[in-house]
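Structure file entry.cif (mmCIF, C-alpha atoms and all ligand atoms) is printed below.
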```cif
data_query
loop_
_atom_site.label_atom_id
_atom_site.label_comp_id
_atom_site.auth_asym_id
_atom_site.auth_seq_id
_atom_site.Cartn_x
_atom_site.Cartn_y
_atom_site.Cartn_z
CA MET A 12 37.91 -56.15 42.23
CA ASP A 13 38.49 -52.63 41.03
CA LYS A 14 36.40 -49.85 42.61
CA LYS A 15 35.27 -48.96 39.09
CA ILE A 16 33.77 -52.42 38.57
CA LYS A 17 32.08 -52.34 41.95
CA ASP A 18 30.47 -49.00 41.04
CA ILE A 19 29.30 -50.38 37.70
CA ILE A 20 27.64 -53.34 39.45
CA GLU A 21 25.94 -51.00 41.95
CA LYS A 22 24.70 -48.87 39.07
CA LEU A 23 23.39 -51.89 37.15
CA ALA A 24 21.51 -53.15 40.23
CA GLU A 25 19.94 -49.75 40.71
CA CYS A 26 19.26 -48.53 37.16
CA HIS A 27 19.01 -51.84 35.22
CA SER A 28 21.00 -50.15 32.48
CA LEU A 29 24.61 -49.43 31.56
CA SER A 30 26.48 -47.78 28.71
CA ALA A 31 28.22 -49.95 26.13
CA ASP A 32 31.59 -49.06 27.66
CA GLU A 33 30.40 -50.08 31.11
CA TYR A 34 29.08 -53.43 29.91
CA LYS A 35 32.37 -54.00 28.15
CA LEU A 36 34.43 -53.24 31.25
CA LEU A 37 32.20 -55.42 33.38
CA ILE A 38 32.97 -58.34 31.06
CA THR A 39 36.63 -57.77 30.26
CA GLU A 40 37.66 -56.93 33.84
CA ARG A 41 35.66 -59.68 35.47
CA ASP A 42 37.10 -61.81 38.25
CA GLU A 43 35.81 -64.11 40.98
CA GLU A 44 34.95 -61.19 43.19
CA SER A 45 32.89 -59.37 40.58
CA ALA A 46 31.09 -62.63 39.76
CA GLU A 47 30.31 -63.12 43.43
CA LEU A 48 28.99 -59.58 43.88
CA LEU A 49 26.90 -59.83 40.70
CA SER A 50 25.36 -63.11 41.79
CA ILE A 51 24.50 -61.72 45.25
CA LYS A 52 22.76 -58.73 43.66
CA ALA A 53 21.03 -60.95 41.08
CA ASP A 54 19.83 -63.34 43.77
CA ALA A 55 18.42 -60.49 45.86
CA VAL A 56 16.48 -59.09 42.93
CA ARG A 57 15.17 -62.53 41.95
CA ARG A 58 13.97 -63.16 45.53
CA GLU A 59 12.08 -59.85 45.48
CA HIS A 60 10.09 -61.00 42.47
CA TYR A 61 9.96 -64.78 42.77
CA GLY A 62 11.16 -65.71 46.25
CA THR A 63 12.97 -69.02 46.03
CA ASP A 64 10.54 -70.44 43.46
CA ILE A 65 11.95 -72.25 40.45
CA TYR A 66 9.60 -73.01 37.56
CA ILE A 67 9.74 -76.19 35.53
CA ARG A 68 8.84 -76.40 31.83
CA GLY A 69 8.38 -79.71 30.09
CA LEU A 70 10.34 -79.65 26.85
CA ILE A 71 8.79 -81.69 24.04
CA GLU A 72 11.00 -81.91 20.96
CA ILE A 73 8.33 -82.41 18.34
CA SER A 74 10.51 -82.78 15.24
CA ASN A 75 14.15 -82.66 14.21
CA ILE A 76 13.29 -82.06 10.57
CA CYS A 77 14.47 -78.59 9.60
CA LYS A 78 14.63 -76.58 6.40
CA ASN A 79 17.35 -74.31 7.78
CA ASP A 80 21.08 -74.81 7.74
CA CYS A 81 22.35 -72.89 10.77
CA PHE A 82 26.08 -73.56 10.94
CA TYR A 83 26.09 -74.40 14.67
CA CYS A 84 23.11 -76.72 14.86
CA GLY A 85 23.21 -80.51 14.76
CA ILE A 86 19.74 -80.84 13.21
CA ARG A 87 20.56 -78.49 10.29
CA ALA A 88 19.16 -79.58 6.93
CA GLY A 89 22.65 -80.32 5.60
CA ASN A 90 23.45 -82.93 8.26
CA LYS A 91 23.00 -86.21 6.40
CA ASN A 92 23.96 -88.21 9.50
CA CYS A 93 20.99 -86.97 11.47
CA GLU A 94 18.26 -89.59 11.80
CA ARG A 95 15.06 -87.65 11.30
CA TYR A 96 11.81 -88.05 13.24
CA ARG A 97 8.55 -86.25 13.80
CA LEU A 98 6.20 -86.93 16.70
CA THR A 99 2.54 -87.60 16.01
CA GLU A 100 -0.19 -85.56 17.63
CA GLU A 101 -1.02 -88.54 19.86
CA GLU A 102 2.57 -88.81 21.01
CA ILE A 103 2.74 -85.11 21.82
CA LEU A 104 -0.53 -85.20 23.75
CA SER A 105 0.63 -88.21 25.69
CA CYS A 106 3.87 -86.40 26.63
CA CYS A 107 1.72 -83.59 28.01
CA LYS A 108 -0.34 -86.06 30.05
CA GLU A 109 2.83 -87.57 31.49
CA GLY A 110 4.18 -84.13 32.28
CA TYR A 111 0.97 -83.02 33.92
CA LYS A 112 1.14 -85.98 36.29
CA LEU A 113 4.68 -84.95 37.20
CA GLY A 114 3.49 -81.46 38.15
CA ILE A 115 4.47 -79.64 34.99
CA ARG A 116 2.19 -76.72 34.05
CA THR A 117 4.02 -75.37 31.01
CA PHE A 118 4.65 -77.39 27.88
CA VAL A 119 7.28 -76.18 25.46
CA LEU A 120 6.89 -77.48 21.93
CA GLN A 121 10.26 -77.12 20.27
CA GLY A 122 11.44 -78.28 16.90
CA GLY A 123 13.19 -77.61 13.66
CA GLU A 124 11.39 -75.60 10.98
CA ASP A 125 9.45 -78.59 9.74
CA LEU A 126 6.95 -77.69 6.99
CA HIS A 127 4.64 -80.49 8.12
CA PHE A 128 3.66 -78.27 11.05
CA THR A 129 1.32 -75.93 9.20
CA ASP A 130 -0.87 -73.47 11.06
CA ALA A 131 -3.79 -75.89 10.78
CA VAL A 132 -1.81 -78.78 12.30
CA LEU A 133 -0.39 -76.64 15.10
CA CYS A 134 -3.62 -74.81 15.92
CA ASN A 135 -5.40 -78.10 16.31
CA LEU A 136 -2.60 -79.44 18.51
CA ILE A 137 -2.54 -76.33 20.72
CA GLN A 138 -6.32 -76.45 21.11
CA GLN A 139 -6.16 -80.11 22.11
CA ILE A 140 -3.51 -79.42 24.74
CA LYS A 141 -5.59 -76.55 26.12
CA ILE A 142 -8.72 -78.71 26.26
CA ASN A 143 -6.87 -81.46 28.11
CA HIS A 144 -4.99 -79.08 30.41
CA PRO A 145 -6.79 -75.75 30.70
CA ASP A 146 -4.58 -74.73 33.62
CA CYS A 147 -1.36 -75.06 31.63
CA ALA A 148 0.63 -72.67 29.47
CA VAL A 149 1.81 -73.59 25.99
CA THR A 150 5.13 -72.23 24.81
CA LEU A 151 6.24 -72.58 21.20
CA SER A 152 9.83 -72.67 19.97
CA LEU A 153 9.45 -73.43 16.29
CA GLY A 154 11.54 -70.78 14.60
CA GLU A 155 10.59 -68.11 12.12
CA ARG A 156 7.03 -67.85 10.78
CA SER A 157 4.91 -65.10 9.27
CA LYS A 158 3.10 -62.64 11.51
CA ASP A 159 -0.22 -64.10 10.40
CA SER A 160 0.95 -67.53 11.40
CA TYR A 161 2.13 -66.35 14.83
CA LYS A 162 -1.24 -64.64 15.26
CA ALA A 163 -3.17 -67.79 14.33
CA LEU A 164 -1.19 -69.86 16.85
CA TYR A 165 -1.73 -67.22 19.51
CA ASP A 166 -5.46 -67.18 18.84
CA ALA A 167 -5.48 -70.97 19.11
CA GLY A 168 -4.18 -70.62 22.67
CA ALA A 169 -0.37 -70.45 22.60
CA ASP A 170 0.85 -68.24 25.43
CA ARG A 171 4.57 -67.81 24.90
CA TYR A 172 7.17 -68.00 22.12
CA LEU A 173 10.89 -68.61 22.38
CA LEU A 174 12.98 -67.37 19.49
CA ARG A 175 16.58 -66.73 20.36
CA HIS A 176 17.95 -63.73 18.47
CA GLU A 177 21.28 -65.73 18.45
CA THR A 178 23.34 -62.50 18.21
CA ALA A 179 22.38 -58.84 18.12
CA ASP A 180 25.14 -58.01 15.64
CA SER A 181 24.09 -58.44 12.02
CA GLU A 182 27.63 -59.16 10.82
CA HIS A 183 28.06 -61.84 13.46
CA TYR A 184 24.62 -63.19 12.56
CA SER A 185 25.79 -63.76 9.00
CA LYS A 186 28.79 -65.75 10.25
CA LEU A 187 26.47 -68.15 12.09
CA HIS A 188 23.84 -68.57 9.39
CA PRO A 189 23.67 -69.19 5.64
CA SER A 190 22.78 -66.24 3.42
CA ALA A 191 19.19 -67.46 3.10
CA MET A 192 18.62 -66.38 6.70
CA SER A 193 18.69 -62.77 7.78
CA PHE A 194 19.21 -60.82 10.95
CA GLU A 195 16.45 -58.40 9.93
CA THR A 196 13.90 -61.21 9.57
CA ARG A 197 14.81 -62.62 12.96
CA MET A 198 14.42 -59.22 14.63
CA GLN A 199 11.16 -58.60 12.78
CA CYS A 200 9.82 -61.95 14.05
CA LEU A 201 10.65 -61.01 17.63
CA HIS A 202 8.86 -57.67 17.30
CA ASN A 203 5.86 -59.33 15.63
CA LEU A 204 5.57 -61.82 18.48
CA LYS A 205 5.59 -59.01 21.01
CA ASP A 206 3.00 -56.98 19.06
CA ILE A 207 0.65 -59.95 18.98
CA GLY A 208 0.77 -60.29 22.75
CA TYR A 209 2.92 -63.37 23.37
CA GLN A 210 5.23 -63.57 26.34
CA VAL A 211 8.42 -63.52 24.28
CA GLY A 212 11.83 -65.03 24.84
CA CYS A 213 15.03 -64.06 23.06
CA GLY A 214 18.55 -65.29 23.78
CA PHE A 215 21.95 -66.24 22.47
CA MET A 216 24.78 -68.73 22.74
CA VAL A 217 27.78 -67.84 24.87
CA GLY A 218 31.06 -68.47 23.10
CA SER A 219 29.58 -69.07 19.66
CA PRO A 220 32.17 -69.02 16.87
CA TYR A 221 33.50 -65.53 16.03
CA GLN A 222 31.68 -63.97 19.00
CA THR A 223 33.53 -60.94 20.40
CA VAL A 224 33.04 -59.04 23.65
CA ASP A 225 31.53 -56.23 21.58
CA ASN A 226 28.97 -58.70 20.23
CA ILE A 227 28.00 -59.67 23.76
CA VAL A 228 27.70 -55.99 24.70
CA LYS A 229 25.25 -55.61 21.80
CA ASP A 230 23.30 -58.63 23.04
CA LEU A 231 22.99 -57.04 26.48
CA GLN A 232 21.96 -53.70 24.99
CA PHE A 233 19.40 -55.46 22.83
CA ILE A 234 17.99 -57.26 25.88
CA GLU A 235 17.82 -53.95 27.74
CA ALA A 236 15.88 -52.32 24.88
CA PHE A 237 13.67 -55.27 23.92
CA GLN A 238 12.66 -56.16 27.50
CA PRO A 239 11.94 -59.84 26.85
CA ASP A 240 9.72 -61.84 29.20
CA MET A 241 12.13 -64.78 28.94
CA CYS A 242 15.77 -65.06 27.95
CA GLY A 243 17.59 -68.28 27.05
CA ILE A 244 21.36 -68.27 27.14
CA GLY A 245 23.66 -71.26 27.18
CA PRO A 246 27.17 -72.13 26.12
CA PHE A 247 27.82 -72.99 22.48
CA ILE A 248 28.75 -76.70 22.22
CA PRO A 249 30.15 -78.05 18.93
CA HIS A 250 28.42 -80.80 16.98
CA LYS A 251 30.68 -83.04 14.91
CA ASP A 252 28.54 -82.98 11.76
CA THR A 253 28.39 -79.20 11.42
CA PRO A 254 30.75 -76.61 9.91
CA PHE A 255 31.58 -75.56 13.48
CA ALA A 256 32.72 -79.01 14.58
CA SER A 257 36.21 -77.88 15.50
CA PHE A 258 35.34 -74.72 17.42
CA GLU A 259 35.73 -74.63 21.19
CA GLN A 260 32.75 -74.75 23.49
CA GLY A 261 31.60 -71.71 25.47
CA SER A 262 32.39 -71.31 29.13
CA VAL A 263 30.22 -72.07 32.16
CA GLU A 264 31.83 -69.24 34.05
CA LEU A 265 30.96 -66.56 31.46
CA THR A 266 27.47 -67.99 30.97
CA CYS A 267 26.76 -67.70 34.71
CA TYR A 268 28.27 -64.22 34.81
CA LEU A 269 25.95 -63.13 32.00
CA LEU A 270 22.94 -64.77 33.69
CA SER A 271 23.54 -62.49 36.69
CA ILE A 272 23.88 -59.44 34.46
CA ILE A 273 20.67 -60.27 32.58
CA ARG A 274 18.79 -60.78 35.85
CA LEU A 275 19.86 -57.27 36.87
CA ILE A 276 18.92 -55.76 33.49
CA CYS A 277 15.45 -57.36 33.59
CA PRO A 278 14.65 -58.08 37.24
CA SER A 279 11.51 -60.12 36.59
CA VAL A 280 12.70 -61.99 33.48
CA LEU A 281 12.14 -65.75 33.34
CA LEU A 282 15.65 -67.05 32.98
CA PRO A 283 16.37 -70.75 32.41
CA ALA A 284 19.44 -72.61 33.56
CA THR A 285 19.71 -74.36 30.19
CA THR A 286 20.35 -77.95 29.21
CA ALA A 287 23.55 -76.81 27.45
CA LEU A 288 24.84 -75.47 30.77
CA GLY A 289 23.96 -78.76 32.47
CA THR A 290 25.61 -80.70 29.66
CA ILE A 291 29.11 -79.22 29.97
CA ASP A 292 29.15 -79.09 33.78
CA LYS A 293 27.65 -81.61 36.20
CA GLN A 294 26.74 -78.73 38.49
CA GLY A 295 25.86 -76.41 35.60
CA ARG A 296 22.18 -76.13 36.30
CA GLU A 297 22.73 -75.44 40.00
CA LYS A 298 25.39 -72.85 39.16
CA GLY A 299 22.95 -71.18 36.77
CA ILE A 300 20.27 -70.96 39.44
CA LEU A 301 22.71 -69.56 41.97
CA ALA A 302 23.71 -66.94 39.38
CA GLY A 303 20.11 -65.76 38.98
CA ALA A 304 18.22 -68.24 36.80
CA ASN A 305 14.73 -69.28 37.92
CA VAL A 306 13.55 -71.78 35.30
CA ILE A 307 14.57 -75.30 34.34
CA MET A 308 13.33 -77.21 31.34
CA PRO A 309 13.48 -80.96 31.85
CA ASN A 310 13.03 -83.18 28.82
CA LEU A 311 9.55 -84.66 28.30
CA SER A 312 10.13 -86.05 24.80
CA PRO A 313 9.54 -89.75 24.21
CA GLU A 314 12.63 -91.85 24.91
CA SER A 315 13.05 -92.70 21.21
CA ALA A 316 13.27 -89.05 20.16
CA ARG A 317 15.73 -87.81 22.74
CA SER A 318 18.99 -88.93 21.26
CA LYS A 319 17.90 -87.82 17.79
CA TYR A 320 17.24 -84.24 18.83
CA GLU A 321 20.94 -83.64 19.01
CA LEU A 322 21.55 -79.89 18.69
CA TYR A 323 25.11 -80.43 19.94
CA ASN A 324 27.18 -83.44 20.91
CA GLY A 325 26.57 -84.99 24.30
CA LYS A 326 23.27 -83.19 24.85
CA LEU A 327 21.83 -84.40 28.15
CA ALA A 328 18.36 -85.92 28.23
CA THR A 329 18.80 -88.36 31.07
CA GLY A 330 19.36 -88.09 34.82
CA SER A 331 18.31 -84.71 36.11
CA GLU A 332 17.50 -83.49 32.60
CA ALA A 333 14.72 -86.06 32.27
CA ALA A 334 11.29 -85.03 33.48
CA GLU A 335 10.60 -88.51 34.87
CA ASN A 336 13.37 -87.92 37.39
CA ILE A 337 11.52 -84.99 38.88
CA LEU A 338 12.28 -86.11 42.43
CA LYS A 339 15.98 -86.00 41.73
CA ILE A 340 15.55 -82.56 40.22
CA LYS A 341 13.56 -81.35 43.21
CA ASN A 342 16.18 -82.59 45.63
CA SER A 343 19.10 -81.04 43.80
CA ILE A 344 17.32 -77.69 43.76
CA LYS A 345 16.32 -77.97 47.41
CA LYS A 346 19.91 -78.65 48.36
CA ILE A 347 20.98 -75.24 47.07
CA GLY A 348 18.15 -73.42 48.86
CA TYR A 349 15.43 -73.12 46.23
CA ARG A 350 12.23 -75.00 45.52
CA ILE A 351 10.52 -76.33 42.43
CA VAL A 352 6.94 -75.15 42.23
CA CYS A 353 3.99 -76.59 40.37
CA ALA A 354 2.70 -73.48 38.59
CA ARG A 355 2.39 -71.92 35.15
CA GLY A 356 4.98 -69.35 36.13
CA ASP A 357 3.92 -66.56 33.82
CA ALA A 358 6.08 -63.51 33.24
CA LYS A 359 5.56 -60.68 35.69
CA ARG A 360 5.42 -57.54 33.61
N1 LIG A 401 14.13 -74.14 15.36
C1 LIG A 401 13.90 -73.47 16.61
C2 LIG A 401 14.57 -74.17 17.77
C3 LIG A 401 16.07 -74.16 17.69
S1 LIG A 401 16.90 -75.10 18.91
C4 LIG A 401 14.34 -72.03 16.49
O1 LIG A 401 14.89 -71.65 15.46
O2 LIG A 401 14.13 -71.27 17.42
C5 LIG A 401 16.99 -73.97 20.23
C6 LIG A 401 18.29 -73.24 20.44
O3 LIG A 401 19.35 -74.15 20.62
C7 LIG A 401 18.76 -72.38 19.29
O4 LIG A 401 18.09 -71.16 19.26
C8 LIG A 401 20.25 -72.24 19.57
O5 LIG A 401 20.55 -71.02 20.25
C9 LIG A 401 20.56 -73.44 20.46
N2 LIG A 401 21.59 -74.29 19.82
C10 LIG A 401 21.57 -74.82 18.58
N3 LIG A 401 22.74 -75.44 18.31
C11 LIG A 401 23.51 -75.30 19.42
C12 LIG A 401 24.84 -75.68 19.77
N4 LIG A 401 25.62 -76.34 18.92
N5 LIG A 401 25.30 -75.36 21.01
C13 LIG A 401 24.53 -74.70 21.88
N6 LIG A 401 23.28 -74.28 21.60
C14 LIG A 401 22.77 -74.57 20.39
#
```
Could you spell out this file's structure in structure tokens?
Ligand code: SAH
Amino acid sequence: MDKKIKDIIEKLAECHSLSADEYKLLITERDEESAELLSIKADAVRREHYGTDIYIRGLIEISNICKNDCFYCGIRAGNKNCERYRLTEEEILSCCKEGYKLGIRTFVLQGGEDLHFTDAVLCNLIQQIKINHPDCAVTLSLGERSKDSYKALYDAGADRYLLRHETADSEHYSKLHPSAMSFETRMQCLHNLKDIGYQVGCGFMVGSPYQTVDNIVKDLQFIEAFQPDMCGIGPFIPHKDTPFASFEQGSVELTCYLLSIIRLICPSVLLPATTALGTIDKQGREKGILAGANVIMPNLSPESARSKYELYNGKLATGSEAAENILKIKNSIKKIGYRIVCARGDAKR
């Protein structure tokens, strides 16, 4: 490793900030040694804030019906081969009950932008979850909505919102999305969520089609400026029924490298080792945690829904991705020196 790169890593660990040129060098000149040093620094900073605790979130995929047509996503409106489903309120509440028994204290309701889920429907659902499990956090990941809608859901009891920015470069954004979707709207949504008081998560795919190093530098600069409470990054994985079917998948190595960098930019950020990472590498989740991640999101959806919520081909929902295998998950995390805790795991601001 070049002395220059070593100095950049030291600076990042100390100042949590770099110039665009420094981020770019850190990425383009990376090697095993720089990855190792970054992960050591990231691990130290994570231990300062969270010790060896790893938080679990139960992911409930409430609907794969979506009005949007994102070019990368398997549940895009234009995919006629996607078998659509929507969970009922009873099904969602029963997933939460199952999850609670397993020790899960955060429920993440994720889905396509399904117009069935009006504010009234969601507010009622959130209130029910909070009545049944007052000691749990509710995270929403339901895409773009108006500020009034976000506010209504927040007032009903939702604690957190995940909305990946997908890319911080507006030109790149327009290569990943149809013209009906805009970069400005996405950014406005993220700022609205923060204004309202949510713990907010942004994030992006690593190796998405047309992504350049300069795009990633912009993502890192955006994360530095936005200061999210959570940040979801995972490799892009192609889905056969999308316009991006023939693009290559993102790399585990770069994803882990970026996880370490993001941990150093935002020391107390809640950073998941994502399902996508676990899908393309058997040891992906463990590698993510070793790189600086401190959250995992096992799947709590009903068996029947899991294979239908196919964002990308081969998406894992069994084995260690399945919440019912919590013991297996606990053991695999313990083996690498960390421990799953039964806690809400709120952001430390
Ligand atoms: N409708 C919600 C949830 C989207 S799915 C929303 O808009 O936020 C959650 C995330 O999965 C997306 O934000 C995207 O970054 C990721 N994703 C979608 N398709 C993917 C693919 N082919 N490979 C990897 N990640 C993908």
Could you give me the residues within 7 Å of ligand LIG 401 (chain A), counting all atoms listed in the file, as a PyMOL selection string?
chain A and resi 83-85+121-124+152-155+173-175+177+215-216+245-250+287+322-323
Kindly give the distance, in Å, that separates atom CA of A:Glu109 and atom CA of A:Gly295, rounded to a single decimal.
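For atom CA of A:Glu109 relative to atom CA of A:Gly295, the distance reads 25.9 Å.
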Selection as a PyMOL selection string: residues within 12 Å of (29.8, -78.0, 32.9), counting all atoms listed in the file:
chain A and resi 245-248+260-267+284-299+325-327
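Atom pair atom CA of A:Asn135 / atom CA of A:Asn203 has a distance of 21.9 Å (rounded to one decimal).
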To one decimal place in Å, what is the distance between atom CA of A:Ile76 and atom CA of A:Cys200?
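Separating atom CA of A:Ile76 from atom CA of A:Cys200 is a distance of 20.7 Å.
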Would you list the residues near (8.0, -72.5, 32.3) (no more than 12 Å away, in the coordinates of the file, using all atoms listed in the file) as an MDAnalysis selection string?
chainID A and resid 64:70 114:120 147:151 170:173 210 212 240:243 280:284 304:309 351:358
Shell of 8 Å around A:Asp230, all atoms listed in the file, local chain residues under 5 positions omitted, as an mmCIF file with C-alpha atoms, keeping the file's coordinate frame:
```cif
data_model
loop_
_atom_site.group_PDB
_atom_site.id
_atom_site.type_symbol
_atom_site.label_atom_id
_atom_site.label_comp_id
_atom_site.auth_asym_id
_atom_site.auth_seq_id
_atom_site.Cartn_x
_atom_site.Cartn_y
_atom_site.Cartn_z
ATOM 1 C CA THR A 178 23.340 -62.500 18.210
ATOM 2 C CA ALA A 179 22.380 -58.840 18.120
ATOM 3 C CA ASP A 180 25.140 -58.010 15.640
ATOM 4 C CA PHE A 215 21.950 -66.240 22.470
#
```
Kindly indicate which residue among A:Asn92, A:Ser271, A:Thr63, A:Asn143 lies nearest to A:Ser50, using only C-alpha atoms for the distances.
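Closest to A:Ser50, using only C-alpha atoms: A:Ser271.
Taking only C-alpha atoms into account, A:Pro239 lies nearest to A:Cys277 out of the set A:Cys277, A:Leu36, A:Ile272, A:Ile207.
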Excluding same-chain residues fewer than 3 positions from A:Met12, what lies within 9 Å of it counting all atoms listed in the file, as a ChimeraX atom specification?
/A:15-17,40-45
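Proximity to A:Ala334 was assessed for A:Cys106, A:Met192, A:Leu49, A:Cys81 counting all atoms listed in the file; the smallest distance is recorded for A:Cys106.
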Among the residues A:Ala169, A:Leu113, A:Ile244, A:Val224, the one that comes closest to A:Cys134 [using all atoms listed in the file]:
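Nearest to A:Cys134: A:Ala169.
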Name the residues in contact with A:Cys77 at a cut-off of 9 Å, using only C-alpha atoms, excluding same-chain residues fewer than 2 positions from it; report them as a list in words.
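What passes the distance filter is Ser74, Asn75, Asn79, Asp80, Ile86, Arg87, Ala88, Gly122, Gly123, Glu124, Asp125 and Leu126 of chain A.
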Output C-alpha atoms of each residue in that selection to a file, as an mmCIF file, keeping the file's coordinate frame.
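File produced: again02.cif:
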```cif
data_model
loop_
_atom_site.group_PDB
_atom_site.id
_atom_site.type_symbol
_atom_site.label_atom_id
_atom_site.label_comp_id
_atom_site.auth_asym_id
_atom_site.auth_seq_id
_atom_site.Cartn_x
_atom_site.Cartn_y
_atom_site.Cartn_z
ATOM 1 C CA SER A 74 10.510 -82.780 15.240
ATOM 2 C CA ASN A 75 14.150 -82.660 14.210
ATOM 3 C CA ASN A 79 17.350 -74.310 7.780
ATOM 4 C CA ASP A 80 21.080 -74.810 7.740
ATOM 5 C CA ILE A 86 19.740 -80.840 13.210
ATOM 6 C CA ARG A 87 20.560 -78.490 10.290
ATOM 7 C CA ALA A 88 19.160 -79.580 6.930
ATOM 8 C CA GLY A 122 11.440 -78.280 16.900
ATOM 9 C CA GLY A 123 13.190 -77.610 13.660
ATOM 10 C CA GLU A 124 11.390 -75.600 10.980
ATOM 11 C CA ASP A 125 9.450 -78.590 9.740
ATOM 12 C CA LEU A 126 6.950 -77.690 6.990
#
```
Using only C-alpha atoms, the shortest atom-to-atom distance to A:Tyr161 among A:Leu204, A:Ile20, A:Ala316, A:Met198 belongs to A:Leu204
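Of the residues listed (A:Ser30, A:Ser193, A:Gln139, A:Thr39), A:Ser30 shows the shortest atom-to-atom separation from A:Lys229; distances use only C-alpha atoms.
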